[in-house]
file entry_23.pdb (PDB, N, CA, C and O atoms)
ATOM      1  N   MET A  16       0.852  -1.170   0.000
ATOM      2  CA  MET A  16       0.000   0.000   0.000
ATOM      3  C   MET A  16       0.897   1.232   0.000
ATOM      4  O   MET A  16       1.797   1.355   0.810
ATOM      5  N   SER A  17       0.630   2.121  -0.902
ATOM      6  CA  SER A  17       1.452   3.325  -1.012
ATOM      7  C   SER A  17       0.933   4.409  -0.067
ATOM      8  O   SER A  17      -0.136   4.284   0.529
ATOM      9  N   TRP A  18       1.727   5.494   0.023
ATOM     10  CA  TRP A  18       1.299   6.611   0.869
ATOM     11  C   TRP A  18       0.070   7.293   0.269
ATOM     12  O   TRP A  18      -0.764   7.830   1.005
ATOM     13  N   GLY A  19      -0.058   7.278  -1.036
ATOM     14  CA  GLY A  19      -1.242   7.854  -1.683
ATOM     15  C   GLY A  19      -2.505   7.087  -1.319
ATOM     16  O   GLY A  19      -3.549   7.678  -1.031
ATOM     17  N   GLN A  20      -2.408   5.767  -1.342
ATOM     18  CA  GLN A  20      -3.545   4.944  -0.939
ATOM     19  C   GLN A  20      -3.862   5.139   0.542
ATOM     20  O   GLN A  20      -5.029   5.153   0.938
ATOM     21  N   THR A  21      -2.826   5.317   1.340
ATOM     22  CA  THR A  21      -3.035   5.579   2.762
ATOM     23  C   THR A  21      -3.766   6.907   2.951
ATOM     24  O   THR A  21      -4.655   7.019   3.801
ATOM     25  N   ALA A  22      -3.411   7.907   2.164
ATOM     26  CA  ALA A  22      -4.090   9.205   2.253
ATOM     27  C   ALA A  22      -5.562   9.088   1.852
ATOM     28  O   ALA A  22      -6.427   9.703   2.483
ATOM     29  N   VAL A  23      -5.839   8.290   0.837
ATOM     30  CA  VAL A  23      -7.227   8.085   0.419
ATOM     31  C   VAL A  23      -8.004   7.387   1.532
ATOM     32  O   VAL A  23      -9.146   7.775   1.839
ATOM     33  N   VAL A  24      -7.424   6.362   2.143
ATOM     34  CA  VAL A  24      -8.071   5.668   3.252
ATOM     35  C   VAL A  24      -8.328   6.647   4.394
ATOM     36  O   VAL A  24      -9.411   6.664   4.988
ATOM     37  N   PHE A  25      -7.340   7.496   4.709
ATOM     38  CA  PHE A  25      -7.489   8.489   5.766
ATOM     39  C   PHE A  25      -8.637   9.449   5.460
ATOM     40  O   PHE A  25      -9.477   9.721   6.324
ATOM     41  N   LEU A  26      -8.701   9.952   4.248
ATOM     42  CA  LEU A  26      -9.763  10.892   3.883
ATOM     43  C   LEU A  26     -11.141  10.241   3.921
ATOM     44  O   LEU A  26     -12.110  10.851   4.390
ATOM     45  N   LEU A  27     -11.239   9.017   3.442
ATOM     46  CA  LEU A  27     -12.525   8.315   3.479
ATOM     47  C   LEU A  27     -12.966   8.032   4.909
ATOM     48  O   LEU A  27     -14.149   8.190   5.248
ATOM     49  N   MET A  28     -12.032   7.631   5.756
ATOM     50  CA  MET A  28     -12.372   7.371   7.158
ATOM     51  C   MET A  28     -12.770   8.667   7.863
ATOM     52  O   MET A  28     -13.710   8.672   8.669
ATOM     53  N   THR A  29     -12.085   9.761   7.578
ATOM     54  CA  THR A  29     -12.428  11.051   8.180
ATOM     55  C   THR A  29     -13.820  11.495   7.738
ATOM     56  O   THR A  29     -14.619  11.962   8.560
ATOM     57  N   ALA A  30     -14.128  11.346   6.459
ATOM     58  CA  ALA A  30     -15.455  11.714   5.962
ATOM     59  C   ALA A  30     -16.536  10.849   6.605
ATOM     60  O   ALA A  30     -17.613  11.349   6.959
ATOM     61  N   LEU A  31     -16.267   9.562   6.776
ATOM     62  CA  LEU A  31     -17.231   8.664   7.397
ATOM     63  C   LEU A  31     -17.479   9.053   8.851
ATOM     64  O   LEU A  31     -18.630   9.124   9.291
ATOM     65  N   ILE A  32     -16.421   9.331   9.593
ATOM     66  CA  ILE A  32     -16.576   9.719  10.995
ATOM     67  C   ILE A  32     -17.335  11.041  11.100
ATOM     68  O   ILE A  32     -18.235  11.189  11.941
ATOM     69  N   PHE A  33     -17.000  12.016  10.262
ATOM     70  CA  PHE A  33     -17.676  13.308  10.287
ATOM     71  C   PHE A  33     -19.150  13.142   9.922
ATOM     72  O   PHE A  33     -20.033  13.735  10.540
ATOM     73  N   GLY A  34     -19.429  12.327   8.917
ATOM     74  CA  GLY A  34     -20.814  12.083   8.509
ATOM     75  C   GLY A  34     -21.621  11.393   9.587
ATOM     76  O   GLY A  34     -22.783  11.751   9.841
ATOM     77  N   GLU A  35     -21.019  10.396  10.243
ATOM     78  CA  GLU A  35     -21.712   9.720  11.340
ATOM     79  C   GLU A  35     -21.977  10.673  12.496
ATOM     80  O   GLU A  35     -23.009  10.597  13.148
ATOM     81  N   THR A  36     -21.055  11.578  12.757
ATOM     82  CA  THR A  36     -21.260  12.573  13.802
ATOM     83  C   THR A  36     -22.436  13.474  13.455
ATOM     84  O   THR A  36     -23.276  13.770  14.317
ATOM     85  N   MET A  37     -22.507  13.885  12.211
ATOM     86  CA  MET A  37     -23.601  14.753  11.794
ATOM     87  C   MET A  37     -24.953  14.044  11.864
ATOM     88  O   MET A  37     -25.951  14.647  12.231
ATOM     89  N   VAL A  38     -24.989  12.774  11.535
ATOM     90  CA  VAL A  38     -26.258  12.056  11.470
ATOM     91  C   VAL A  38     -26.733  11.596  12.846
ATOM     92  O   VAL A  38     -27.902  11.768  13.193
ATOM     93  N   PHE A  39     -25.851  11.019  13.638
ATOM     94  CA  PHE A  39     -26.276  10.330  14.850
ATOM     95  C   PHE A  39     -26.136  11.122  16.141
ATOM     96  O   PHE A  39     -26.603  10.668  17.178
ATOM     97  N   ASN A  40     -25.486  12.270  16.136
ATOM     98  CA  ASN A  40     -25.268  12.998  17.378
ATOM     99  C   ASN A  40     -25.787  14.431  17.253
ATOM    100  O   ASN A  40     -25.072  15.324  16.809
ATOM    101  N   PRO A  41     -27.036  14.677  17.670
ATOM    102  CA  PRO A  41     -27.607  16.017  17.508
ATOM    103  C   PRO A  41     -26.885  17.080  18.340
ATOM    104  O   PRO A  41     -26.834  18.249  17.945
ATOM    105  N   THR A  42     -26.299  16.706  19.471
ATOM    106  CA  THR A  42     -25.580  17.685  20.285
ATOM    107  C   THR A  42     -24.347  18.196  19.550
ATOM    108  O   THR A  42     -24.101  19.406  19.488
ATOM    109  N   LEU A  43     -23.572  17.283  18.991
ATOM    110  CA  LEU A  43     -22.399  17.708  18.228
ATOM    111  C   LEU A  43     -22.790  18.384  16.921
ATOM    112  O   LEU A  43     -22.087  19.268  16.451
ATOM    113  N   ARG A  44     -23.907  17.981  16.347
ATOM    114  CA  ARG A  44     -24.369  18.620  15.117
ATOM    115  C   ARG A  44     -24.602  20.106  15.358
ATOM    116  O   ARG A  44     -24.282  20.944  14.521
ATOM    117  N   GLN A  45     -25.118  20.441  16.514
ATOM    118  CA  GLN A  45     -25.346  21.842  16.844
ATOM    119  C   GLN A  45     -24.016  22.571  17.061
ATOM    120  O   GLN A  45     -23.863  23.722  16.674
ATOM    121  N   GLN A  46     -23.029  21.896  17.663
ATOM    122  CA  GLN A  46     -21.739  22.524  17.915
ATOM    123  C   GLN A  46     -20.912  22.695  16.640
ATOM    124  O   GLN A  46     -20.056  23.574  16.576
ATOM    125  N   ILE A  47     -21.149  21.857  15.644
ATOM    126  CA  ILE A  47     -20.379  21.939  14.401
ATOM    127  C   ILE A  47     -20.620  23.279  13.709
ATOM    128  O   ILE A  47     -19.738  23.813  13.044
ATOM    129  N   GLY A  48     -21.792  23.858  13.916
ATOM    130  CA  GLY A  48     -22.102  25.136  13.301
ATOM    131  C   GLY A  48     -21.279  26.297  13.838
ATOM    132  O   GLY A  48     -21.106  27.307  13.169
ATOM    133  N   SER A  49     -20.734  26.179  15.021
ATOM    134  CA  SER A  49     -19.932  27.249  15.612
ATOM    135  C   SER A  49     -18.453  26.896  15.516
ATOM    136  O   SER A  49     -18.016  25.868  16.019
ATOM    137  N   ILE A  50     -17.678  27.746  14.907
ATOM    138  CA  ILE A  50     -16.250  27.479  14.700
ATOM    139  C   ILE A  50     -15.476  27.505  16.019
ATOM    140  O   ILE A  50     -14.405  26.919  16.127
ATOM    141  N   HIS A  51     -16.013  28.165  17.042
ATOM    142  CA  HIS A  51     -15.317  28.271  18.327
ATOM    143  C   HIS A  51     -15.817  27.245  19.345
ATOM    144  O   HIS A  51     -15.552  27.391  20.539
ATOM    145  N   SER A  52     -16.516  26.234  18.898
ATOM    146  CA  SER A  52     -17.055  25.240  19.821
ATOM    147  C   SER A  52     -15.970  24.263  20.262
ATOM    148  O   SER A  52     -14.879  24.190  19.700
ATOM    149  N   VAL A  53     -16.293  23.491  21.274
ATOM    150  CA  VAL A  53     -15.373  22.479  21.794
ATOM    151  C   VAL A  53     -15.112  21.402  20.743
ATOM    152  O   VAL A  53     -14.022  20.833  20.687
ATOM    153  N   TYR A  54     -16.098  21.157  19.882
ATOM    154  CA  TYR A  54     -15.921  20.126  18.854
ATOM    155  C   TYR A  54     -14.725  20.436  17.969
ATOM    156  O   TYR A  54     -13.883  19.575  17.720
ATOM    157  N   TRP A  55     -14.635  21.663  17.459
ATOM    158  CA  TRP A  55     -13.548  22.018  16.552
ATOM    159  C   TRP A  55     -12.212  22.174  17.269
ATOM    160  O   TRP A  55     -11.159  21.997  16.680
ATOM    161  N   GLN A  56     -12.240  22.520  18.562
ATOM    162  CA  GLN A  56     -11.004  22.729  19.299
ATOM    163  C   GLN A  56     -10.442  21.449  19.893
ATOM    164  O   GLN A  56      -9.233  21.335  20.077
ATOM    165  N   LEU A  57     -11.298  20.480  20.184
ATOM    166  CA  LEU A  57     -10.825  19.278  20.870
ATOM    167  C   LEU A  57     -11.187  17.979  20.145
ATOM    168  O   LEU A  57     -10.318  17.172  19.842
ATOM    169  N   ALA A  58     -12.461  17.797  19.865
ATOM    170  CA  ALA A  58     -12.919  16.511  19.332
ATOM    171  C   ALA A  58     -12.438  16.267  17.900
ATOM    172  O   ALA A  58     -11.967  15.165  17.580
ATOM    173  N   PHE A  59     -12.546  17.253  17.030
ATOM    174  CA  PHE A  59     -12.152  17.051  15.633
ATOM    175  C   PHE A  59     -10.653  16.793  15.481
ATOM    176  O   PHE A  59     -10.260  15.850  14.781
ATOM    177  N   PRO A  60      -9.766  17.574  16.143
ATOM    178  CA  PRO A  60      -8.338  17.240  16.056
ATOM    179  C   PRO A  60      -8.010  15.866  16.643
ATOM    180  O   PRO A  60      -7.162  15.154  16.106
ATOM    181  N   ALA A  61      -8.704  15.475  17.701
ATOM    182  CA  ALA A  61      -8.473  14.146  18.274
ATOM    183  C   ALA A  61      -8.921  13.057  17.308
ATOM    184  O   ALA A  61      -8.244  12.030  17.145
ATOM    185  N   ASP A  62     -10.057  13.264  16.637
ATOM    186  CA  ASP A  62     -10.513  12.315  15.623
ATOM    187  C   ASP A  62      -9.525  12.209  14.471
ATOM    188  O   ASP A  62      -9.239  11.117  13.979
ATOM    189  N   LEU A  63      -9.005  13.348  14.024
ATOM    190  CA  LEU A  63      -8.019  13.340  12.939
ATOM    191  C   LEU A  63      -6.757  12.585  13.336
ATOM    192  O   LEU A  63      -6.225  11.784  12.554
ATOM    193  N   CYS A  64      -6.288  12.810  14.553
ATOM    194  CA  CYS A  64      -5.077  12.137  15.031
ATOM    195  C   CYS A  64      -5.299  10.629  15.124
ATOM    196  O   CYS A  64      -4.473   9.842  14.668
ATOM    197  N   ALA A  65      -6.419  10.231  15.703
ATOM    198  CA  ALA A  65      -6.715   8.801  15.833
ATOM    199  C   ALA A  65      -6.883   8.141  14.470
ATOM    200  O   ALA A  65      -6.403   7.021  14.243
ATOM    201  N   THR A  66      -7.528   8.826  13.547
ATOM    202  CA  THR A  66      -7.722   8.283  12.202
ATOM    203  C   THR A  66      -6.390   8.170  11.463
ATOM    204  O   THR A  66      -6.151   7.185  10.756
ATOM    205  N   ALA A  67      -5.520   9.154  11.627
ATOM    206  CA  ALA A  67      -4.201   9.091  10.985
ATOM    207  C   ALA A  67      -3.382   7.924  11.530
ATOM    208  O   ALA A  67      -2.745   7.197  10.769
ATOM    209  N   ILE A  68      -3.413   7.729  12.839
ATOM    210  CA  ILE A  68      -2.685   6.608  13.442
ATOM    211  C   ILE A  68      -3.233   5.282  12.922
ATOM    212  O   ILE A  68      -2.471   4.368  12.578
ATOM    213  N   LEU A  69      -4.548   5.172  12.835
ATOM    214  CA  LEU A  69      -5.154   3.944  12.336
ATOM    215  C   LEU A  69      -4.809   3.695  10.868
ATOM    216  O   LEU A  69      -4.474   2.569  10.482
ATOM    217  N   ALA A  70      -4.851   4.736  10.036
ATOM    218  CA  ALA A  70      -4.536   4.575   8.609
ATOM    219  C   ALA A  70      -3.073   4.179   8.415
ATOM    220  O   ALA A  70      -2.764   3.305   7.595
ATOM    221  N   ILE A  71      -2.173   4.797   9.156
ATOM    222  CA  ILE A  71      -0.755   4.437   9.046
ATOM    223  C   ILE A  71      -0.516   3.026   9.565
ATOM    224  O   ILE A  71       0.253   2.260   8.978
ATOM    225  N   GLY A  72      -1.191   2.653  10.637
ATOM    226  CA  GLY A  72      -1.092   1.283  11.144
ATOM    227  C   GLY A  72      -1.597   0.268  10.134
ATOM    228  O   GLY A  72      -1.012  -0.806   9.958
ATOM    229  N   MET A  73      -2.690   0.605   9.448
ATOM    230  CA  MET A  73      -3.207  -0.281   8.405
ATOM    231  C   MET A  73      -2.203  -0.421   7.271
ATOM    232  O   MET A  73      -2.030  -1.506   6.713
ATOM    233  N   ARG A  74      -1.531   0.675   6.927
ATOM    234  CA  ARG A  74      -0.522   0.624   5.862
ATOM    235  C   ARG A  74       0.624  -0.311   6.236
ATOM    236  O   ARG A  74       1.031  -1.169   5.443
ATOM    237  N   PHE A  75       1.148  -0.152   7.442
ATOM    238  CA  PHE A  75       2.257  -1.004   7.860
ATOM    239  C   PHE A  75       1.835  -2.463   7.994
ATOM    240  O   PHE A  75       2.591  -3.375   7.627
ATOM    241  N   ALA A  76       0.625  -2.709   8.493
ATOM    242  CA  ALA A  76       0.134  -4.087   8.599
ATOM    243  C   ALA A  76      -0.041  -4.709   7.215
ATOM    244  O   ALA A  76       0.314  -5.868   6.993
ATOM    245  N   TRP A  77      -0.590  -3.940   6.274
ATOM    246  CA  TRP A  77      -0.786  -4.437   4.910
ATOM    247  C   TRP A  77       0.551  -4.767   4.255
ATOM    248  O   TRP A  77       0.709  -5.813   3.639
ATOM    249  N   ASN A  78       1.517  -3.862   4.400
ATOM    250  CA  ASN A  78       2.826  -4.099   3.791
ATOM    251  C   ASN A  78       3.559  -5.236   4.491
ATOM    252  O   ASN A  78       4.275  -6.008   3.845
ATOM    253  N   ARG A  79       3.400  -5.378   5.784
ATOM    254  CA  ARG A  79       4.025  -6.484   6.519
ATOM    255  C   ARG A  79       3.417  -7.813   6.087
ATOM    256  O   ARG A  79       4.130  -8.802   5.926
ATOM    257  N   LEU A  80       2.106  -7.829   5.892
ATOM    258  CA  LEU A  80       1.449  -9.048   5.429
ATOM    259  C   LEU A  80       1.976  -9.447   4.056
ATOM    260  O   LEU A  80       2.229 -10.616   3.798
ATOM    261  N   GLY A  81       2.168  -8.470   3.176
ATOM    262  CA  GLY A  81       2.710  -8.754   1.850
ATOM    263  C   GLY A  81       4.134  -9.256   1.909
ATOM    264  O   GLY A  81       4.542 -10.130   1.145
ATOM    265  N   ALA A  82       4.924  -8.732   2.849
ATOM    266  CA  ALA A  82       6.314  -9.174   2.985
ATOM    267  C   ALA A  82       6.385 -10.571   3.592
ATOM    268  O   ALA A  82       7.241 -11.374   3.212
ATOM    269  N   CYS A  83       5.497 -10.883   4.514
ATOM    270  CA  CYS A  83       5.513 -12.194   5.169
ATOM    271  C   CYS A  83       5.082 -13.308   4.223
ATOM    272  O   CYS A  83       5.480 -14.446   4.400
ATOM    273  N   ARG A  84       4.292 -12.998   3.236
ATOM    274  CA  ARG A  84       3.834 -14.029   2.301
ATOM    275  C   ARG A  84       4.958 -14.531   1.405
ATOM    276  O   ARG A  84       4.851 -15.595   0.831
ATOM    277  N   LYS A  85       6.031 -13.774   1.258
ATOM    278  CA  LYS A  85       7.108 -14.155   0.348
ATOM    279  C   LYS A  85       8.306 -14.741   1.079
ATOM    280  O   LYS A  85       9.341 -14.965   0.486
ATOM    281  N   VAL A  86       8.191 -15.025   2.357
ATOM    282  CA  VAL A  86       9.293 -15.545   3.154
ATOM    283  C   VAL A  86       9.462 -17.043   2.861
ATOM    284  O   VAL A  86       8.497 -17.776   2.755
ATOM    285  N   GLY A  87      10.674 -17.479   2.730
ATOM    286  CA  GLY A  87      10.963 -18.898   2.554
ATOM    287  C   GLY A  87      10.718 -19.419   1.167
ATOM    288  O   GLY A  87      10.680 -20.624   0.956
ATOM    289  N   GLY A  88      10.550 -18.571   0.214
ATOM    290  CA  GLY A  88      10.369 -19.001  -1.165
ATOM    291  C   GLY A  88       8.974 -19.520  -1.464
ATOM    292  O   GLY A  88       8.689 -19.961  -2.558
ATOM    293  N   VAL A  89       8.074 -19.499  -0.506
ATOM    294  CA  VAL A  89       6.710 -19.963  -0.720
ATOM    295  C   VAL A  89       5.841 -18.740  -0.963
ATOM    296  O   VAL A  89       5.809 -17.829  -0.164
ATOM    297  N   ARG A  90       5.141 -18.762  -2.083
ATOM    298  CA  ARG A  90       4.244 -17.652  -2.389
ATOM    299  C   ARG A  90       2.820 -18.142  -2.334
ATOM    300  O   ARG A  90       2.463 -19.140  -2.940
ATOM    301  N   TYR A  91       2.028 -17.418  -1.618
ATOM    302  CA  TYR A  91       0.602 -17.725  -1.544
ATOM    303  C   TYR A  91      -0.139 -16.711  -2.418
ATOM    304  O   TYR A  91       0.000 -15.511  -2.224
ATOM    305  N   GLU A  92      -0.842 -17.203  -3.364
ATOM    306  CA  GLU A  92      -1.584 -16.307  -4.252
ATOM    307  C   GLU A  92      -2.977 -16.138  -3.686
ATOM    308  O   GLU A  92      -3.619 -17.091  -3.272
ATOM    309  N   SER A  93      -3.427 -14.888  -3.701
ATOM    310  CA  SER A  93      -4.790 -14.647  -3.220
ATOM    311  C   SER A  93      -5.665 -14.153  -4.341
ATOM    312  O   SER A  93      -5.269 -13.777  -5.372
TER     313      SER A  93
END

call {"tool": "encode", "arguments": {"input": "entry_23.pdb", "output": "structure tokens"}}
result
Amino acid sequence: MSWGQTAVVFLLMTALIFGETMVFNPTLRQQIGSIHSVYWQLAFPADLCATAILAIGMRFAWNRLGACRKVGGVRYES
């Protein structure tokens, strides 16, 4: 998985989390309208950080899985 694919995964996950927040949480939906709310100062940056860590972890796990499949001269085709 390349860094470009990781960025796409990150953006899709961020959009999904933001969309779920808008749909399922009316309290945060009201706070999203104000740029100075706690959501934009605390919750959104924390969501971005957690999503970035998860996307990078997925990248390393995916690449590690690909590297482990070629160990010992045995290739498993999927």

call {"tool": "atom_distance", "arguments": {"input": "entry_23.pdb", "atom1": "atom C of Met28 (chain A)", "atom2": "CA of Cys83 (chain A)"}}
result
27.9 Å

call {"tool": "closest_residue", "arguments": {"input": "entry_23.pdb", "among": "A:Thr36, A:Thr29, A:Thr42, A:Gln20", "to": "Thr66 (chain A)", "atoms": "only C-alpha atoms"}}
result
A:Thr29

call {"tool": "select_by_dssp", "arguments": {"input": "entry_23.pdb", "residues": "chain A", "states": "alpha helix (DSSP H)", "output": "PyMOL selection string"}}
result
chain A and resi 18-39+41-47+53+59-83

call {"tool": "closest_residue", "arguments": {"input": "entry_23.pdb", "among": "A:Ala76, A:Ala67, A:Val53, A:Ile47", "to": "Val23 (chain A)", "atoms": "only C-alpha atoms"}}
result
A:Ala67

call {"tool": "residues_near_point", "arguments": {"input": "entry_23.pdb", "point": "(-15.2, 18.1, 20.3)", "cutoff": "12 Å", "atoms": "only C-alpha atoms", "output": "PDB file with N, CA, C and O atoms, in the coordinates of the input"}}
result
ATOM      1  N   PHE A  33     -17.000  12.016  10.262  1.00  0.00           N
ATOM      2  CA  PHE A  33     -17.676  13.308  10.287  1.00  0.00           C
ATOM      3  C   PHE A  33     -19.150  13.142   9.922  1.00  0.00           C
ATOM      4  O   PHE A  33     -20.033  13.735  10.540  1.00  0.00           O
ATOM      5  N   THR A  36     -21.055  11.578  12.757  1.00  0.00           N
ATOM      6  CA  THR A  36     -21.260  12.573  13.802  1.00  0.00           C
ATOM      7  C   THR A  36     -22.436  13.474  13.455  1.00  0.00           C
ATOM      8  O   THR A  36     -23.276  13.770  14.317  1.00  0.00           O
ATOM      9  N   ASN A  40     -25.486  12.270  16.136  1.00  0.00           N
ATOM     10  CA  ASN A  40     -25.268  12.998  17.378  1.00  0.00           C
ATOM     11  C   ASN A  40     -25.787  14.431  17.253  1.00  0.00           C
ATOM     12  O   ASN A  40     -25.072  15.324  16.809  1.00  0.00           O
ATOM     13  N   THR A  42     -26.299  16.706  19.471  1.00  0.00           N
ATOM     14  CA  THR A  42     -25.580  17.685  20.285  1.00  0.00           C
ATOM     15  C   THR A  42     -24.347  18.196  19.550  1.00  0.00           C
ATOM     16  O   THR A  42     -24.101  19.406  19.488  1.00  0.00           O
ATOM     17  N   LEU A  43     -23.572  17.283  18.991  1.00  0.00           N
ATOM     18  CA  LEU A  43     -22.399  17.708  18.228  1.00  0.00           C
ATOM     19  C   LEU A  43     -22.790  18.384  16.921  1.00  0.00           C
ATOM     20  O   LEU A  43     -22.087  19.268  16.451  1.00  0.00           O
ATOM     21  N   ARG A  44     -23.907  17.981  16.347  1.00  0.00           N
ATOM     22  CA  ARG A  44     -24.369  18.620  15.117  1.00  0.00           C
ATOM     23  C   ARG A  44     -24.602  20.106  15.358  1.00  0.00           C
ATOM     24  O   ARG A  44     -24.282  20.944  14.521  1.00  0.00           O
ATOM     25  N   GLN A  45     -25.118  20.441  16.514  1.00  0.00           N
ATOM     26  CA  GLN A  45     -25.346  21.842  16.844  1.00  0.00           C
ATOM     27  C   GLN A  45     -24.016  22.571  17.061  1.00  0.00           C
ATOM     28  O   GLN A  45     -23.863  23.722  16.674  1.00  0.00           O
ATOM     29  N   GLN A  46     -23.029  21.896  17.663  1.00  0.00           N
ATOM     30  CA  GLN A  46     -21.739  22.524  17.915  1.00  0.00           C
ATOM     31  C   GLN A  46     -20.912  22.695  16.640  1.00  0.00           C
ATOM     32  O   GLN A  46     -20.056  23.574  16.576  1.00  0.00           O
ATOM     33  N   ILE A  47     -21.149  21.857  15.644  1.00  0.00           N
ATOM     34  CA  ILE A  47     -20.379  21.939  14.401  1.00  0.00           C
ATOM     35  C   ILE A  47     -20.620  23.279  13.709  1.00  0.00           C
ATOM     36  O   ILE A  47     -19.738  23.813  13.044  1.00  0.00           O
ATOM     37  N   SER A  49     -20.734  26.179  15.021  1.00  0.00           N
ATOM     38  CA  SER A  49     -19.932  27.249  15.612  1.00  0.00           C
ATOM     39  C   SER A  49     -18.453  26.896  15.516  1.00  0.00           C
ATOM     40  O   SER A  49     -18.016  25.868  16.019  1.00  0.00           O
ATOM     41  N   ILE A  50     -17.678  27.746  14.907  1.00  0.00           N
ATOM     42  CA  ILE A  50     -16.250  27.479  14.700  1.00  0.00           C
ATOM     43  C   ILE A  50     -15.476  27.505  16.019  1.00  0.00           C
ATOM     44  O   ILE A  50     -14.405  26.919  16.127  1.00  0.00           O
ATOM     45  N   HIS A  51     -16.013  28.165  17.042  1.00  0.00           N
ATOM     46  CA  HIS A  51     -15.317  28.271  18.327  1.00  0.00           C
ATOM     47  C   HIS A  51     -15.817  27.245  19.345  1.00  0.00           C
ATOM     48  O   HIS A  51     -15.552  27.391  20.539  1.00  0.00           O
ATOM     49  N   SER A  52     -16.516  26.234  18.898  1.00  0.00           N
ATOM     50  CA  SER A  52     -17.055  25.240  19.821  1.00  0.00           C
ATOM     51  C   SER A  52     -15.970  24.263  20.262  1.00  0.00           C
ATOM     52  O   SER A  52     -14.879  24.190  19.700  1.00  0.00           O
ATOM     53  N   VAL A  53     -16.293  23.491  21.274  1.00  0.00           N
ATOM     54  CA  VAL A  53     -15.373  22.479  21.794  1.00  0.00           C
ATOM     55  C   VAL A  53     -15.112  21.402  20.743  1.00  0.00           C
ATOM     56  O   VAL A  53     -14.022  20.833  20.687  1.00  0.00           O
ATOM     57  N   TYR A  54     -16.098  21.157  19.882  1.00  0.00           N
ATOM     58  CA  TYR A  54     -15.921  20.126  18.854  1.00  0.00           C
ATOM     59  C   TYR A  54     -14.725  20.436  17.969  1.00  0.00           C
ATOM     60  O   TYR A  54     -13.883  19.575  17.720  1.00  0.00           O
ATOM     61  N   TRP A  55     -14.635  21.663  17.459  1.00  0.00           N
ATOM     62  CA  TRP A  55     -13.548  22.018  16.552  1.00  0.00           C
ATOM     63  C   TRP A  55     -12.212  22.174  17.269  1.00  0.00           C
ATOM     64  O   TRP A  55     -11.159  21.997  16.680  1.00  0.00           O
ATOM     65  N   GLN A  56     -12.240  22.520  18.562  1.00  0.00           N
ATOM     66  CA  GLN A  56     -11.004  22.729  19.299  1.00  0.00           C
ATOM     67  C   GLN A  56     -10.442  21.449  19.893  1.00  0.00           C
ATOM     68  O   GLN A  56      -9.233  21.335  20.077  1.00  0.00           O
ATOM     69  N   LEU A  57     -11.298  20.480  20.184  1.00  0.00           N
ATOM     70  CA  LEU A  57     -10.825  19.278  20.870  1.00  0.00           C
ATOM     71  C   LEU A  57     -11.187  17.979  20.145  1.00  0.00           C
ATOM     72  O   LEU A  57     -10.318  17.172  19.842  1.00  0.00           O
ATOM     73  N   ALA A  58     -12.461  17.797  19.865  1.00  0.00           N
ATOM     74  CA  ALA A  58     -12.919  16.511  19.332  1.00  0.00           C
ATOM     75  C   ALA A  58     -12.438  16.267  17.900  1.00  0.00           C
ATOM     76  O   ALA A  58     -11.967  15.165  17.580  1.00  0.00           O
ATOM     77  N   PHE A  59     -12.546  17.253  17.030  1.00  0.00           N
ATOM     78  CA  PHE A  59     -12.152  17.051  15.633  1.00  0.00           C
ATOM     79  C   PHE A  59     -10.653  16.793  15.481  1.00  0.00           C
ATOM     80  O   PHE A  59     -10.260  15.850  14.781  1.00  0.00           O
ATOM     81  N   PRO A  60      -9.766  17.574  16.143  1.00  0.00           N
ATOM     82  CA  PRO A  60      -8.338  17.240  16.056  1.00  0.00           C
ATOM     83  C   PRO A  60      -8.010  15.866  16.643  1.00  0.00           C
ATOM     84  O   PRO A  60      -7.162  15.154  16.106  1.00  0.00           O
ATOM     85  N   ALA A  61      -8.704  15.475  17.701  1.00  0.00           N
ATOM     86  CA  ALA A  61      -8.473  14.146  18.274  1.00  0.00           C
ATOM     87  C   ALA A  61      -8.921  13.057  17.308  1.00  0.00           C
ATOM     88  O   ALA A  61      -8.244  12.030  17.145  1.00  0.00           O
ATOM     89  N   ASP A  62     -10.057  13.264  16.637  1.00  0.00           N
ATOM     90  CA  ASP A  62     -10.513  12.315  15.623  1.00  0.00           C
ATOM     91  C   ASP A  62      -9.525  12.209  14.471  1.00  0.00           C
ATOM     92  O   ASP A  62      -9.239  11.117  13.979  1.00  0.00           O
ATOM     93  N   LEU A  63      -9.005  13.348  14.024  1.00  0.00           N
ATOM     94  CA  LEU A  63      -8.019  13.340  12.939  1.00  0.00           C
ATOM     95  C   LEU A  63      -6.757  12.585  13.336  1.00  0.00           C
ATOM     96  O   LEU A  63      -6.225  11.784  12.554  1.00  0.00           O
TER      97      LEU A  63
END

call {"tool": "residues_around", "arguments": {"input": "entry_23.pdb", "residues": "Val24 (chain A)", "least_positions_apart": "5", "cutoff": "12 Å", "atoms": "only C-alpha atoms", "output": "number ranges by chain"}}
result
A: 16-19, 29-31, 66-74

call {"tool": "atom_distance", "arguments": {"input": "entry_23.pdb", "atom1": "atom O of Ala65 (chain A)", "atom2": "atom C of Phe25 (chain A)"}}
result
9.4 Å

call {"tool": "atom_distance", "arguments": {"input": "entry_23.pdb", "atom1": "CA of Glu35 (chain A)", "atom2": "CA of Cys64 (chain A)"}}
result
17.2 Å

call {"tool": "axis_aligned_box", "arguments": {"input": "entry_23.pdb", "around": "region 67-76 of chain A", "padding_each_side": "4 Å", "output": "JSON"}}
result
{"center_x": -1.5, "center_y": 1.6, "center_z": 9.4, "size_x": 16.1, "size_y": 23.0, "size_z": 16.0}
